[in-house]
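One structure is given below, encoded as structure tokens.
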Protein chains: 2
Amino acid sequence: MKVQASISKATIDRLPLYFRALRNAQEEGLDIISSDELGRRLSITPEQIRKDLTSFGQFGKKGVGYYVNELKKNVSNILGLDNHWNMAIVGVGHLGAALANYQNLGMLGFQLVALFDRKPEVIGTTVNHVQVEDMERVSEIVHERNIKIGVITVPAAFAQDVADRLISAGVKGIWNFAPAKMCVPDDVCIVNEDIFTGLSTLSYHMVHM
Amino acid sequence: MKVQASISKATIDRLPLYFRALRNAQEEGLDIISSDELGRRLSITPEQIRKDLTSFGQFGKKGVGYYVNELKKNVSNILGLDNHWNMAIVGVGHLGAALANYQNLGMLGFQLVALFDRKPEVIGTTVNHVQVEDMERVSEIVHERNIKIGVITVPAAFAQDVADRLISAGVKGIWNFAPAKMCVPDDVCIVNEDIFTGLSTLSYHMVHM
């Protein structure tokens with residue numbers, strides 16, 4: 001599918017929300033959903049939804065709504081969810097283990113093929129059928145197993161070093177959970193997660209409601 | 001501080017990003033930061049930043065920039081980060097334990113005062129100095145310890161039941177990590193977290209870069 005050159009970051013950030021809402025609608029057995037109904041479910045204005053989805057082509061029928069299956073398939077396609085990527089998690093603490101057990105990884109096309117840690121008592125254990133390897137072997141194993149996505153769940157002080165090693169071994173996408181400012185080359189994608197955001201949004205609403 | 005009645009959800013969602021960027025700027029020793037520089041750091045247009053911050057009053061000086069300390073203090077105040085809330089986590093698996101150990105909870109004014117689980121082998125253990133209680137005691141303990149925030153990290157099938165119990169015991173804010181569609185009364189805030197979003201954003205960029 002051809003996508004317009006300049007889609008705003010805000011629009012891209014909303015696509016996963018559309019995908020989730022469409023998957024829920026599909027599970028409820030809906031064939032058609034209006035932008036009004038999508039808007040109600042997502043707290044986004046119907047105008048914004050129509051504008052966002054127009055950026056990617058015409059998926060709706062005026063006055064009727066969007067065909068749920070078709071739109072979901074198209075959004076999935078735009079998000080690249082039908083691709084397959086080998087993935088490694090570096091740092092097998094509580095968060096790393098929680099991610100390794102996350103059931104939707106496969107559905108999203110992310111295949112967990114390696115886990116790394118530096119603690120001797122963690123190396124050699126298995127999480128979700130994957131054995132934890134010594135951090136020292138990152139370069140070798142990333143290369144061998146054709147790993148393209150690296151998930152960083154180490155303390156902030158080690159995050160940049162881990163990213164550098166992953167990238168020089170061939171990783172093209174970093175999903176970073178360390179609260180650290182990271183530098184990566186232009187040809188590498190990075191998505192920074194920060195649970196701070198959710199917590200402060202909750203705080204805002206508690207104070208202002 | 002008086003806040004305009006209708007701030008858009010999108011603006012509110014960006015406030016934690018501004019807070020983080022300002023905290024980083026403060027740590028770097030910057031006194032003043034321009035909307036251009038903030039925009040560069042956050043991948044948000046300077047126009048959007050000026051518009052967002054204008055909703056909350058005038059914090060900048062035209063042609064100079066924003067005073068970092070003052071703006072950070074104001075954003076913190078708007079986000080309600082100077083309040084204090086007693087918080088409980090329900091579900092002490094890997095994710096619950098990771099959140100219980102999250103160091104910024106205190107800085108954000110969230111005080112972890114209770115943990116709950118239903119597994120006998122988990123009840124009675126401690127995480128980050130807080131003892132895990134039997135899930136059956138949720139109502140009693142939430143009431144006793146004046147808990148206003150409940151964090152839900154149980155499997156999706158149990159999430160609504162946990163939310164109902166927390167709310168009827170007095171919780172006013174739910175931070176939900178279960179991939180479940182939740183119903184809460186109008187006077188209760190809910191923030192749903194979904195790691196799916198980050199992963200699919202990464203997927204999008206891998207495909208389209």
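Here's how to read the names in the structure tokens: chain A, B, ... by the order shown, residue numbers from 1 in each chain, ligand numbers from 1 in the order shown.
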For this session: Starting from chain A, keep only residues with some atom at most 7 Å from an atom of chain B, counting only C-alpha atoms, and report them as JSON, numbers by chain.
Result: {"A": [13, 16, 78, 79, 80, 81, 94, 95, 97, 98, 173, 189, 191, 193, 197, 198, 200, 201, 202, 203, 204, 205, 206, 207]}
Once you have the residues from the selection above, write them out as a JSON list (two decimals), in the first residue's frame, restricted to N, CA and C atoms.
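The resulting part-v6.json:
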```json
[["chain", "number", "residue", "atom", "x", "y", "z"],
["A", 13, "ASP", "N", 0.66, 7.82, 15.94],
["A", 13, "ASP", "CA", 0.46, 7.38, 17.33],
["A", 13, "ASP", "C", -0.97, 6.91, 17.57],
["A", 16, "PRO", "N", -2.43, 2.58, 16.36],
["A", 16, "PRO", "CA", -2.62, 1.40, 17.21],
["A", 16, "PRO", "C", -3.94, 1.45, 17.97],
["A", 78, "ILE", "N", -0.80, -1.13, 7.30],
["A", 78, "ILE", "CA", -0.06, 0.13, 7.42],
["A", 78, "ILE", "C", 0.91, 0.05, 8.60],
["A", 79, "LEU", "N", 0.46, -0.56, 9.69],
["A", 79, "LEU", "CA", 1.31, -0.67, 10.88],
["A", 79, "LEU", "C", 2.42, -1.71, 10.69],
["A", 80, "GLY", "N", 2.33, -2.47, 9.63],
["A", 80, "GLY", "CA", 3.37, -3.47, 9.39],
["A", 80, "GLY", "C", 3.22, -4.70, 10.26],
["A", 81, "LEU", "N", 2.01, -4.97, 10.75],
["A", 81, "LEU", "CA", 1.82, -6.07, 11.68],
["A", 81, "LEU", "C", 1.86, -7.43, 11.00],
["A", 94, "HIS", "N", 12.13, -7.95, 36.51],
["A", 94, "HIS", "CA", 10.68, -8.11, 36.49],
["A", 94, "HIS", "C", 10.07, -7.63, 35.18],
["A", 95, "LEU", "N", 10.51, -6.45, 34.72],
["A", 95, "LEU", "CA", 9.90, -5.90, 33.52],
["A", 95, "LEU", "C", 10.25, -6.73, 32.28],
["A", 97, "ALA", "N", 10.98, -9.86, 32.16],
["A", 97, "ALA", "CA", 10.24, -11.12, 32.23],
["A", 97, "ALA", "C", 8.77, -10.90, 31.88],
["A", 98, "ALA", "N", 8.19, -9.78, 32.33],
["A", 98, "ALA", "CA", 6.80, -9.49, 32.01],
["A", 98, "ALA", "C", 6.64, -9.36, 30.49],
["A", 173, "GLY", "N", 15.70, -1.74, 15.18],
["A", 173, "GLY", "CA", 14.63, -1.12, 15.97],
["A", 173, "GLY", "C", 14.86, -1.34, 17.45],
["A", 189, "CYS", "N", 15.31, 2.83, 14.25],
["A", 189, "CYS", "CA", 14.10, 3.37, 14.90],
["A", 189, "CYS", "C", 14.22, 3.18, 16.40],
["A", 191, "VAL", "N", 11.70, 3.58, 19.93],
["A", 191, "VAL", "CA", 10.47, 3.97, 20.62],
["A", 191, "VAL", "C", 10.78, 3.91, 22.11],
["A", 193, "GLU", "N", 9.53, 4.03, 25.91],
["A", 193, "GLU", "CA", 8.35, 3.84, 26.75],
["A", 193, "GLU", "C", 8.62, 4.50, 28.09],
["A", 197, "THR", "N", 4.31, 8.71, 32.03],
["A", 197, "THR", "CA", 3.26, 9.42, 31.30],
["A", 197, "THR", "C", 1.87, 9.02, 31.79],
["A", 198, "GLY", "N", 1.65, 7.71, 31.90],
["A", 198, "GLY", "CA", 0.34, 7.23, 32.34],
["A", 198, "GLY", "C", 0.00, 7.69, 33.74],
["A", 200, "SER", "N", 1.19, 10.30, 35.35],
["A", 200, "SER", "CA", 0.93, 11.74, 35.49],
["A", 200, "SER", "C", -0.38, 12.13, 34.82],
["A", 201, "THR", "N", -0.81, 11.38, 33.80],
["A", 201, "THR", "CA", -2.14, 11.64, 33.21],
["A", 201, "THR", "C", -3.21, 11.35, 34.26],
["A", 202, "LEU", "N", -3.03, 10.26, 34.98],
["A", 202, "LEU", "CA", -3.98, 9.91, 36.04],
["A", 202, "LEU", "C", -4.00, 11.00, 37.11],
["A", 203, "SER", "N", -2.82, 11.44, 37.49],
["A", 203, "SER", "CA", -2.70, 12.50, 38.48],
["A", 203, "SER", "C", -3.46, 13.75, 38.02],
["A", 204, "TYR", "N", -3.26, 14.13, 36.77],
["A", 204, "TYR", "CA", -3.96, 15.31, 36.21],
["A", 204, "TYR", "C", -5.47, 15.18, 36.38],
["A", 205, "HIS", "N", -5.99, 14.03, 35.99],
["A", 205, "HIS", "CA", -7.44, 13.86, 36.02],
["A", 205, "HIS", "C", -7.99, 13.80, 37.45],
["A", 206, "MET", "N", -7.19, 13.23, 38.36],
["A", 206, "MET", "CA", -7.62, 13.19, 39.76],
["A", 206, "MET", "C", -7.78, 14.60, 40.32],
["A", 207, "VAL", "N", -6.87, 15.48, 39.90],
["A", 207, "VAL", "CA", -6.89, 16.84, 40.44],
["A", 207, "VAL", "C", -7.96, 17.70, 39.79]]
```
Please extract the residues of chain B with a backbone DSSP assignment of strand (DSSP E or B) and present them as a compact mmCIF listing (two decimals) with N, CA, C and O atoms, in the first residue's frame.
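Output (selection_39.txt):
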```txt
# COMPACT_ATOMS: atom_id res chain seq x y z
N ILE B 32 16.82 28.87 30.34
CA ILE B 32 15.78 29.25 29.38
C ILE B 32 15.76 28.23 28.25
O ILE B 32 16.82 27.73 27.85
N ILE B 33 14.58 27.90 27.76
CA ILE B 33 14.50 27.00 26.61
C ILE B 33 13.45 27.54 25.65
O ILE B 33 12.38 28.01 26.06
N GLY B 60 5.99 32.13 29.01
CA GLY B 60 7.19 32.42 28.23
C GLY B 60 7.37 33.90 28.00
O GLY B 60 6.53 34.72 28.36
N LYS B 61 8.50 34.25 27.41
CA LYS B 61 8.78 35.64 27.05
C LYS B 61 9.08 35.63 25.56
O LYS B 61 9.97 34.90 25.11
N GLY B 65 12.15 32.77 25.15
CA GLY B 65 11.90 31.36 25.44
C GLY B 65 11.19 31.22 26.78
O GLY B 65 10.73 32.22 27.35
N TYR B 66 11.14 30.02 27.25
CA TYR B 66 10.48 29.76 28.52
C TYR B 66 11.53 29.69 29.63
O TYR B 66 12.61 29.14 29.43
N TYR B 67 11.19 30.21 30.80
CA TYR B 67 12.05 30.04 31.97
C TYR B 67 11.84 28.61 32.47
O TYR B 67 10.74 28.25 32.89
N TRP B 85 -1.17 10.73 47.04
CA TRP B 85 -2.23 9.72 46.93
C TRP B 85 -1.69 8.40 47.45
O TRP B 85 -0.60 7.97 47.06
N ASN B 86 -2.46 7.74 48.28
CA ASN B 86 -2.11 6.37 48.67
C ASN B 86 -2.55 5.42 47.56
O ASN B 86 -3.63 5.56 47.00
N MET B 87 -1.68 4.48 47.25
CA MET B 87 -1.87 3.63 46.09
C MET B 87 -1.72 2.14 46.44
O MET B 87 -0.93 1.79 47.31
N ALA B 88 -2.51 1.31 45.78
CA ALA B 88 -2.39 -0.15 45.93
C ALA B 88 -2.19 -0.78 44.56
O ALA B 88 -2.72 -0.29 43.57
N ILE B 89 -1.41 -1.86 44.51
CA ILE B 89 -1.24 -2.63 43.28
C ILE B 89 -1.92 -3.99 43.49
O ILE B 89 -1.65 -4.67 44.47
N VAL B 90 -2.81 -4.34 42.57
CA VAL B 90 -3.50 -5.62 42.69
C VAL B 90 -2.99 -6.54 41.57
O VAL B 90 -3.16 -6.26 40.38
N PHE B 110 2.82 9.48 44.46
CA PHE B 110 2.07 8.24 44.65
C PHE B 110 2.79 7.38 45.68
O PHE B 110 3.94 6.99 45.48
N GLN B 111 2.10 7.10 46.77
CA GLN B 111 2.71 6.35 47.87
C GLN B 111 2.15 4.92 47.85
O GLN B 111 0.95 4.73 48.05
N LEU B 112 3.02 3.96 47.59
CA LEU B 112 2.58 2.56 47.57
C LEU B 112 2.36 2.08 48.99
O LEU B 112 3.30 1.99 49.78
N VAL B 113 1.11 1.77 49.35
CA VAL B 113 0.82 1.36 50.72
C VAL B 113 0.21 -0.03 50.81
O VAL B 113 0.01 -0.54 51.92
N ALA B 114 -0.09 -0.67 49.66
CA ALA B 114 -0.62 -2.04 49.74
C ALA B 114 -0.40 -2.79 48.44
O ALA B 114 -0.39 -2.20 47.35
N LEU B 115 -0.18 -4.10 48.57
CA LEU B 115 -0.07 -5.01 47.42
C LEU B 115 -1.04 -6.15 47.68
O LEU B 115 -1.18 -6.60 48.82
N PHE B 116 -1.69 -6.63 46.63
CA PHE B 116 -2.63 -7.74 46.77
C PHE B 116 -2.38 -8.80 45.71
O PHE B 116 -2.03 -8.48 44.57
N ASP B 117 -2.57 -10.05 46.11
CA ASP B 117 -2.53 -11.15 45.15
C ASP B 117 -3.43 -12.26 45.68
O ASP B 117 -3.85 -12.21 46.84
N THR B 126 7.25 -9.82 50.60
CA THR B 126 7.29 -8.36 50.49
C THR B 126 8.00 -7.93 49.21
O THR B 126 8.92 -8.60 48.74
N VAL B 127 7.52 -6.85 48.63
CA VAL B 127 8.16 -6.24 47.46
C VAL B 127 8.35 -4.77 47.81
O VAL B 127 7.38 -4.09 48.19
N VAL B 130 6.84 -3.54 51.03
CA VAL B 130 5.39 -3.62 51.25
C VAL B 130 4.98 -5.09 51.21
O VAL B 130 5.38 -5.82 50.29
N GLN B 131 4.20 -5.50 52.21
CA GLN B 131 3.80 -6.91 52.27
C GLN B 131 2.59 -7.18 51.38
O GLN B 131 1.66 -6.39 51.33
N VAL B 132 2.62 -8.33 50.70
CA VAL B 132 1.51 -8.71 49.84
C VAL B 132 0.38 -9.30 50.69
O VAL B 132 0.60 -10.22 51.48
N GLU B 133 -0.83 -8.74 50.51
CA GLU B 133 -2.00 -9.19 51.27
C GLU B 133 -2.89 -10.06 50.37
O GLU B 133 -2.82 -9.98 49.15
N ASP B 134 -3.75 -10.82 51.01
CA ASP B 134 -4.73 -11.64 50.30
C ASP B 134 -5.74 -10.74 49.59
O ASP B 134 -6.27 -9.80 50.18
N ILE B 149 -5.81 5.36 44.78
CA ILE B 149 -5.38 4.91 43.46
C ILE B 149 -5.19 3.40 43.48
O ILE B 149 -4.50 2.87 44.34
N GLY B 150 -5.80 2.72 42.51
CA GLY B 150 -5.63 1.28 42.37
C GLY B 150 -4.97 0.95 41.05
O GLY B 150 -5.39 1.47 40.01
N VAL B 151 -3.93 0.13 41.10
CA VAL B 151 -3.23 -0.28 39.89
C VAL B 151 -3.61 -1.74 39.63
O VAL B 151 -3.47 -2.58 40.52
N ILE B 152 -4.11 -2.01 38.43
CA ILE B 152 -4.61 -3.36 38.13
C ILE B 152 -3.64 -4.07 37.19
O ILE B 152 -3.45 -3.66 36.05
N GLY B 173 -9.13 6.55 41.37
CA GLY B 173 -8.34 6.51 40.14
C GLY B 173 -7.83 5.10 39.88
O GLY B 173 -7.32 4.45 40.80
N ILE B 174 -8.02 4.63 38.65
CA ILE B 174 -7.58 3.28 38.29
C ILE B 174 -6.51 3.40 37.21
O ILE B 174 -6.71 4.08 36.21
N TRP B 175 -5.39 2.73 37.42
CA TRP B 175 -4.34 2.65 36.41
C TRP B 175 -4.34 1.19 35.96
O TRP B 175 -3.88 0.32 36.68
N ASN B 176 -4.89 0.97 34.78
CA ASN B 176 -5.19 -0.38 34.35
C ASN B 176 -4.20 -0.92 33.30
O ASN B 176 -4.06 -0.35 32.23
N CYS B 189 -11.55 8.13 37.69
CA CYS B 189 -10.66 8.28 36.53
C CYS B 189 -10.07 6.93 36.20
O CYS B 189 -9.70 6.18 37.09
N ILE B 190 -9.92 6.66 34.92
CA ILE B 190 -9.20 5.45 34.54
C ILE B 190 -8.20 5.78 33.44
O ILE B 190 -8.50 6.53 32.51
N VAL B 191 -6.98 5.29 33.59
CA VAL B 191 -5.97 5.39 32.54
C VAL B 191 -5.60 3.96 32.15
O VAL B 191 -5.21 3.17 33.01
N ASN B 192 -5.80 3.63 30.89
CA ASN B 192 -5.46 2.29 30.39
C ASN B 192 -4.10 2.30 29.74
O ASN B 192 -3.82 3.12 28.88
```
Exercise. In Å, how far is it from CA of Ala157 in chain B to CA of Thr153 in chain A?
Worked result: 27.3 Å
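Counting from CA of Asp31 in chain A, the distance to CA of Pro46 in chain A is 18.4 Å.
Counting only C-alpha atoms and comparing B:Val142, B:Ile147, B:Val171, B:Met182, the residue that lies closest to Ala159 in chain B is B:Met182.
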Exercise. Which residues in range 5-179 of chain A does DSSP call helix (DSSP H, G or I)? List them as a PyMOL selection string.
Worked result: chain A and resi 9-27+35-42+46-54+68-79+94-100+135-144+156-168
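Our summary of the geometry notes that CA of Val162 in chain B is positioned 14.9 Å from CA of Lys119 in chain B.
Nearest-residue note for Met135 in chain B: choosing from B:Lys73, B:Glu121, B:Gly91, B:Phe177, the minimum distance belongs to B:Gly91, counting only C-alpha atoms.
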